[in-house]
$ cat structure-v2.csv   # CSV, C-alpha atoms
chain,number,residue,atom,x,y,z
A,15,MET,CA,23.7,-61.4,146.4
A,16,LYS,CA,25.4,-64.4,148.0
A,17,SER,CA,28.5,-62.4,148.7
A,18,PHE,CA,26.4,-59.7,150.5
A,19,LEU,CA,24.5,-62.3,152.5
A,20,ASN,CA,27.7,-64.1,153.4
A,21,TRP,CA,29.2,-60.7,154.5
A,22,ALA,CA,26.1,-60.1,156.6
A,23,PHE,CA,26.1,-63.6,158.1
A,24,GLU,CA,29.8,-63.2,159.2
A,25,ARG,CA,28.9,-60.0,161.0
A,26,GLY,CA,25.9,-61.4,162.8
A,27,TYR,CA,23.2,-59.5,160.9
A,28,HIS,CA,21.3,-62.8,160.2
A,29,SER,CA,21.7,-66.5,161.1
A,30,SER,CA,20.3,-68.3,158.1
A,31,LEU,CA,22.5,-70.3,155.7
A,32,LYS,CA,19.7,-71.0,153.2
A,33,PHE,CA,21.3,-68.4,150.9
A,34,LYS,CA,24.1,-70.8,150.1
A,35,LYS,CA,21.7,-72.9,148.1
A,36,LEU,CA,21.0,-70.1,145.7
A,37,VAL,CA,22.1,-70.9,142.2
A,38,ALA,CA,22.3,-68.3,139.4
A,39,LYS,CA,21.0,-69.6,136.1
A,40,GLU,CA,23.4,-69.2,133.3
A,41,ALA,CA,22.0,-68.8,129.8
A,42,GLU,CA,24.1,-70.5,127.2
A,43,ILE,CA,25.6,-67.9,124.9
A,44,GLU,CA,27.0,-68.2,121.4
A,45,VAL,CA,30.7,-68.9,120.8
A,46,VAL,CA,32.1,-66.1,118.7
A,47,TYR,CA,35.1,-67.3,116.6
A,48,LEU,CA,36.7,-66.9,113.2
A,49,THR,CA,36.3,-69.7,110.7
A,50,SER,CA,39.5,-71.2,109.4
A,51,GLU,CA,39.0,-69.3,106.1
A,52,GLU,CA,38.5,-66.0,107.9
A,53,LEU,CA,41.6,-66.6,110.1
A,54,MET,CA,43.8,-67.4,107.2
A,55,LEU,CA,42.5,-64.3,105.4
A,56,LEU,CA,43.4,-62.2,108.4
A,57,TYR,CA,46.8,-63.9,108.7
A,58,ASN,CA,47.8,-63.4,105.1
A,59,TYR,CA,46.5,-59.9,104.7
A,60,THR,CA,49.1,-57.1,104.3
A,61,PHE,CA,48.2,-54.1,106.5
A,62,GLU,CA,49.9,-50.9,105.6
A,63,ASN,CA,49.3,-49.6,109.1
A,64,LYS,CA,52.1,-51.2,111.3
A,65,SER,CA,50.1,-50.9,114.5
A,66,LEU,CA,47.3,-53.0,112.9
A,67,ASP,CA,49.9,-55.4,111.6
A,68,ARG,CA,51.3,-56.0,115.1
A,69,ALA,CA,47.8,-56.3,116.6
A,70,ARG,CA,46.9,-58.9,113.9
A,71,ASP,CA,50.0,-60.9,114.8
A,72,MET,CA,49.3,-61.0,118.5
A,73,TYR,CA,45.7,-62.1,117.9
A,74,CYS,CA,46.8,-64.7,115.4
A,75,LEU,CA,49.3,-66.2,117.9
A,76,MET,CA,46.4,-66.7,120.3
A,77,ALA,CA,44.3,-68.2,117.5
A,78,PHE,CA,47.0,-70.6,116.4
A,79,THR,CA,47.9,-71.7,119.9
A,80,GLY,CA,44.7,-71.5,121.9
A,81,GLN,CA,46.2,-69.4,124.7
A,82,ARG,CA,44.6,-66.6,126.7
A,83,HIS,CA,45.5,-62.9,126.2
A,84,CYS,CA,47.0,-62.6,129.7
A,85,ASP,CA,49.5,-65.5,129.0
A,86,ILE,CA,50.5,-64.2,125.6
A,87,TYR,CA,50.9,-60.7,127.0
A,88,ASP,CA,53.4,-62.0,129.6
A,89,LEU,CA,55.6,-64.0,127.2
A,90,THR,CA,59.3,-63.4,127.3
A,91,ASP,CA,62.1,-64.6,125.1
A,92,VAL,CA,62.9,-67.4,127.6
A,93,SER,CA,59.3,-68.7,127.1
A,94,VAL,CA,60.2,-70.0,123.6
A,95,ASN,CA,61.9,-73.3,123.5
A,96,GLY,CA,62.2,-74.9,120.0
A,97,ASP,CA,58.7,-76.1,119.0
A,98,TYR,CA,57.1,-75.1,122.3
A,99,LEU,CA,56.2,-72.2,124.5
A,100,THR,CA,56.7,-72.8,128.1
A,101,PHE,CA,55.1,-70.7,130.9
A,102,THR,CA,53.0,-70.7,134.0
A,103,VAL,CA,49.3,-70.3,133.2
A,104,LYS,CA,47.9,-67.4,135.2
A,105,LYS,CA,44.3,-68.6,135.5
A,106,THR,CA,44.9,-72.2,136.5
A,107,LYS,CA,48.3,-71.7,138.1
A,108,THR,CA,49.6,-74.6,135.9
A,109,VAL,CA,53.5,-74.5,136.1
A,110,GLN,CA,55.6,-75.3,133.1
A,111,HIS,CA,52.7,-75.5,130.7
A,112,GLN,CA,53.9,-76.5,127.3
A,113,VAL,CA,52.2,-75.2,124.1
A,114,PHE,CA,53.1,-76.7,120.8
A,115,LEU,CA,53.8,-74.2,118.1
A,116,THR,CA,52.1,-74.9,114.8
A,117,HIS,CA,53.8,-73.8,111.6
A,118,PHE,CA,51.9,-70.5,111.5
A,119,ALA,CA,52.6,-69.8,115.2
A,120,LYS,CA,56.4,-70.3,114.6
A,121,GLN,CA,56.3,-68.0,111.6
A,122,LEU,CA,54.8,-65.3,113.7
A,123,ILE,CA,57.5,-65.6,116.4
A,124,GLU,CA,60.3,-65.8,113.8
A,125,LYS,CA,59.0,-62.6,112.3
A,126,TYR,CA,60.0,-60.7,115.4
A,127,GLU,CA,63.4,-62.2,116.0
A,128,ASP,CA,66.0,-59.5,116.7
A,129,THR,CA,63.3,-56.9,117.3
A,130,ILE,CA,62.1,-55.1,120.4
A,131,TYR,CA,58.8,-56.9,120.0
A,132,TYR,CA,60.2,-60.5,120.3
A,133,PRO,CA,58.6,-63.0,120.7
A,134,ILE,CA,55.4,-61.2,119.7
A,135,PRO,CA,54.0,-57.6,120.0
A,136,ARG,CA,52.1,-57.2,123.2
A,137,LEU,CA,49.0,-55.0,123.5
A,138,SER,CA,46.7,-54.5,126.4
A,139,SER,CA,43.3,-56.2,126.0
A,140,GLN,CA,41.5,-52.9,125.4
A,141,LYS,CA,44.0,-51.8,122.7
A,142,LEU,CA,44.0,-55.2,121.0
A,143,ASN,CA,40.2,-55.2,120.9
A,144,GLU,CA,40.1,-51.8,119.2
A,145,ALA,CA,42.8,-52.7,116.7
A,146,ILE,CA,41.7,-56.2,115.8
A,147,GLN,CA,38.2,-55.0,115.1
A,148,LYS,CA,39.7,-52.5,112.6
A,149,CYS,CA,41.7,-55.3,111.1
A,150,CYS,CA,38.6,-57.4,110.6
A,151,GLU,CA,36.7,-54.5,109.1
A,152,GLU,CA,39.5,-53.9,106.7
A,153,ILE,CA,39.5,-57.5,105.4
A,154,GLY,CA,35.8,-57.4,104.9
A,155,LEU,CA,34.3,-59.3,107.9
A,156,THR,CA,31.3,-57.1,108.0
A,157,GLU,CA,28.4,-59.6,107.6
A,158,GLU,CA,25.7,-59.3,110.2
A,159,VAL,CA,25.7,-61.7,113.1
A,160,GLN,CA,22.8,-62.1,115.6
A,161,LEU,CA,23.5,-62.6,119.3
A,162,THR,CA,20.9,-63.5,121.8
A,163,ARG,CA,21.1,-62.5,125.5
A,164,TYR,CA,18.8,-62.9,128.4
A,165,CYS,CA,17.9,-60.6,131.3
A,166,GLY,CA,15.9,-62.7,133.7
A,167,SER,CA,13.3,-64.4,131.5
A,168,LYS,CA,13.4,-61.7,128.8
A,169,ARG,CA,15.2,-62.5,125.6
A,170,PHE,CA,17.0,-59.8,123.6
A,171,ASP,CA,18.3,-60.3,120.1
A,172,GLN,CA,20.8,-57.9,118.7
A,173,THR,CA,22.5,-57.7,115.4
A,174,PHE,CA,26.2,-56.8,115.0
A,175,ARG,CA,28.8,-56.7,112.2
A,176,LYS,CA,31.1,-59.6,112.8
A,177,CYS,CA,34.1,-57.3,112.9
A,178,ASP,CA,32.6,-55.5,115.9
A,179,ILE,CA,32.4,-58.6,118.1
A,180,ILE,CA,35.9,-60.0,117.5
A,181,THR,CA,37.9,-59.4,120.7
A,182,SER,CA,41.0,-60.9,122.4
A,183,HIS,CA,38.7,-63.6,123.9
A,184,THR,CA,37.8,-64.9,120.5
A,185,GLY,CA,41.4,-65.9,119.6
A,186,ARG,CA,41.3,-68.9,122.0
A,187,LYS,CA,37.8,-69.7,120.9
A,188,THR,CA,38.9,-69.7,117.3
A,189,PHE,CA,41.6,-72.2,118.0
A,190,ILE,CA,39.4,-74.6,120.0
A,191,THR,CA,36.5,-74.5,117.6
A,192,ASN,CA,38.6,-75.0,114.4
A,193,SER,CA,40.7,-77.7,116.0
A,194,LEU,CA,37.6,-79.7,116.8
A,195,PHE,CA,36.3,-79.1,113.2
A,196,LEU,CA,39.6,-80.6,112.0
A,197,ASN,CA,38.9,-83.7,114.2
A,198,ILE,CA,41.9,-83.1,116.5
A,199,PRO,CA,41.1,-85.3,119.6
A,200,GLU,CA,39.4,-83.5,122.4
A,201,ARG,CA,42.1,-84.5,124.9
A,202,ILE,CA,44.8,-82.9,122.8
A,203,VAL,CA,42.9,-79.7,122.4
A,204,LYS,CA,42.3,-79.6,126.2
A,205,ALA,CA,46.0,-80.2,126.9
A,206,GLN,CA,47.1,-77.5,124.4
A,207,THR,CA,44.7,-74.9,125.8
A,208,ASN,CA,44.9,-76.0,129.5
A,209,SER,CA,41.1,-76.2,129.6
A,210,LYS,CA,39.9,-77.2,133.0
A,211,ASP,CA,36.2,-76.2,132.9
A,212,GLU,CA,34.3,-79.1,131.5
A,213,LYS,CA,31.1,-77.2,131.2
A,214,SER,CA,32.6,-74.4,129.1
A,215,PHE,CA,34.4,-76.9,126.9
A,216,ARG,CA,31.1,-78.7,126.1
A,217,ARG,CA,30.0,-75.6,124.2
A,218,TYR,CA,32.7,-76.1,121.7
A,219,LEU,CA,31.9,-79.8,121.4
A,220,LYS,CA,28.3,-78.9,120.6
A,221,ILE,CA,29.3,-76.5,117.8
A,222,SER,CA,31.6,-79.2,116.4
A,223,GLU,CA,28.8,-81.8,116.5
A,224,GLN,CA,26.5,-79.3,114.6
A,225,HIS,CA,29.3,-78.7,112.1
A,226,HIS,CA,29.8,-82.4,111.4
A,227,LYS,CA,26.0,-82.9,111.1
A,228,ARG,CA,25.9,-80.2,108.4
A,229,GLU,CA,28.7,-81.9,106.5
A,230,LEU,CA,27.2,-85.3,106.8
A,231,ASP,CA,23.8,-83.9,105.6
A,232,LYS,CA,25.5,-83.4,102.2
A,233,TRP,CA,24.7,-87.1,101.6
A,234,ASN,CA,21.1,-86.1,101.4
A,235,ILE,CA,21.6,-84.6,98.0
A,236,PHE,CA,21.4,-88.2,96.6
A,237,ALA,CA,17.9,-88.6,98.1
A,238,THR,CA,16.6,-85.9,95.7
A,239,GLU,CA,18.0,-87.4,92.6
$ encode --input "structure-v2.csv" --output "structure tokens"
Amino acid sequence: MKSFLNWAFERGYHSSLKFKKLVAKEAEIEVVYLTSEELMLLYNYTFENKSLDRARDMYCLMAFTGQRHCDIYDLTDVSVNGDYLTFTVKKTKTVQHQVFLTHFAKQLIEKYEDTIYYPIPRLSSQKLNEAIQKCCEEIGLTEEVQLTRYCGSKRFDQTFRKCDIITSHTGRKTFITNSLFLNIPERIVKAQTNSKDEKSFRRYLKISEQHHKRELDKWNIFATE
């Protein structure tokens, strides 16, 4: 609406600038991610289908480094430098962004040395989504998950199998969420993932706080004894 009104203003169809004060309300949505146990189950599973195997590896590299699909897709062999990936981040235009390679991330890259897929197999977002959902179904991530969405003031609750909502976007979310669960400092997680949007990052912190509360609630077992 604002784009249309701005287009009309520039062409003299109206003279009011009140539309610039319009603010769209954003409903907070759930962060979909794999738990550390689910991620390791996916990582260690042996897929007979090689296409699924390659899709799993691309997804896991995102989940072990916290990078976006577009940046992993554009990796070349010169991007790998010892313990780091070095590249320009598409979204934020950050030049020479360095990403530390965890043990599992290095294993994935080493797996494809001397192959046409080096440093990692690269699938389009659509193909990766289709394949990773099949991977998650095969390893048994079929429990039901409820997602809530809003259309205006109306609330809609829908139930999905978890395997059906795992996409390329959840790789990065998986890394951030589990890193915070492991008490890795926020500043380090932000630096690794090149996170610039403070509002978006707060969602992960909220999940982390809820996780820590559940863990600390275990002390309450003594109150019933």
$ atom_distance --input "structure-v2.csv" --atom1 "CA of Asp71 in chain A" --atom2 "CA of Lys210 in chain A"
26.4 Å
$ closest_residue --input "structure-v2.csv" --among "A:Ser65, A:Ser17, A:Ser29, A:Ser214" --to "Lys187 in chain A" --atoms "only C-alpha atoms"
A:Ser214
$ atom_distance --input "structure-v2.csv" --atom1 "CA of Thr100 in chain A" --atom2 "CA of Phe114 in chain A"
9.0 Å
$ atom_distance --input "structure-v2.csv" --atom1 "CA of Thr79 in chain A" --atom2 "CA of Gly185 in chain A"
8.7 Å
$ closest_residue --input "structure-v2.csv" --among "A:Arg175, A:Arg169, A:Lys220, A:His28" --to "Leu194 in chain A" --atoms "only C-alpha atoms"
A:Lys220
$ residues_around --input "structure-v2.csv" --residues "Glu152 in chain A" --least-positions-apart "2" --cutoff "12 Å" --atoms "all atoms listed in the file" --output "list in words"
Leu55, Leu56, Tyr59, Thr60, Phe61, Glu62, Asn63, Leu66, Asp67, Arg70, Ala145, Ile146, Gln147, Lys148, Cys149, Cys150, Gly154, Leu155, Thr156, Lys176, Cys177 and Asp178 of chain A
$ write_last_selection --input "structure-v2.csv" --atoms "C-alpha atoms" --output "short mmCIF file (atom, residue, chain, number, x, y, z; two decimals), in the frame of the given file"
data_model
loop_
_atom_site.label_atom_id
_atom_site.label_comp_id
_atom_site.auth_asym_id
_atom_site.auth_seq_id
_atom_site.Cartn_x
_atom_site.Cartn_y
_atom_site.Cartn_z
CA LEU A 55 42.50 -64.30 105.40
CA LEU A 56 43.40 -62.20 108.40
CA TYR A 59 46.50 -59.90 104.70
CA THR A 60 49.10 -57.10 104.30
CA PHE A 61 48.20 -54.10 106.50
CA GLU A 62 49.90 -50.90 105.60
CA ASN A 63 49.30 -49.60 109.10
CA LEU A 66 47.30 -53.00 112.90
CA ASP A 67 49.90 -55.40 111.60
CA ARG A 70 46.90 -58.90 113.90
CA ALA A 145 42.80 -52.70 116.70
CA ILE A 146 41.70 -56.20 115.80
CA GLN A 147 38.20 -55.00 115.10
CA LYS A 148 39.70 -52.50 112.60
CA CYS A 149 41.70 -55.30 111.10
CA CYS A 150 38.60 -57.40 110.60
CA GLY A 154 35.80 -57.40 104.90
CA LEU A 155 34.30 -59.30 107.90
CA THR A 156 31.30 -57.10 108.00
CA LYS A 176 31.10 -59.60 112.80
CA CYS A 177 34.10 -57.30 112.90
CA ASP A 178 32.60 -55.50 115.90
#
$ residues_around --input "structure-v2.csv" --residues "Leu137 in chain A" --least-positions-apart "6" --cutoff "9 Å" --atoms "all atoms listed in the file" --output "JSON list (two decimals) with C-alpha atoms, in the frame of the given file"
[["chain", "number", "residue", "atom", "x", "y", "z"],
["A", 68, "ARG", "CA", 51.30, -56.00, 115.10],
["A", 69, "ALA", "CA", 47.80, -56.30, 116.60],
["A", 72, "MET", "CA", 49.30, -61.00, 118.50],
["A", 87, "TYR", "CA", 50.90, -60.70, 127.00]]
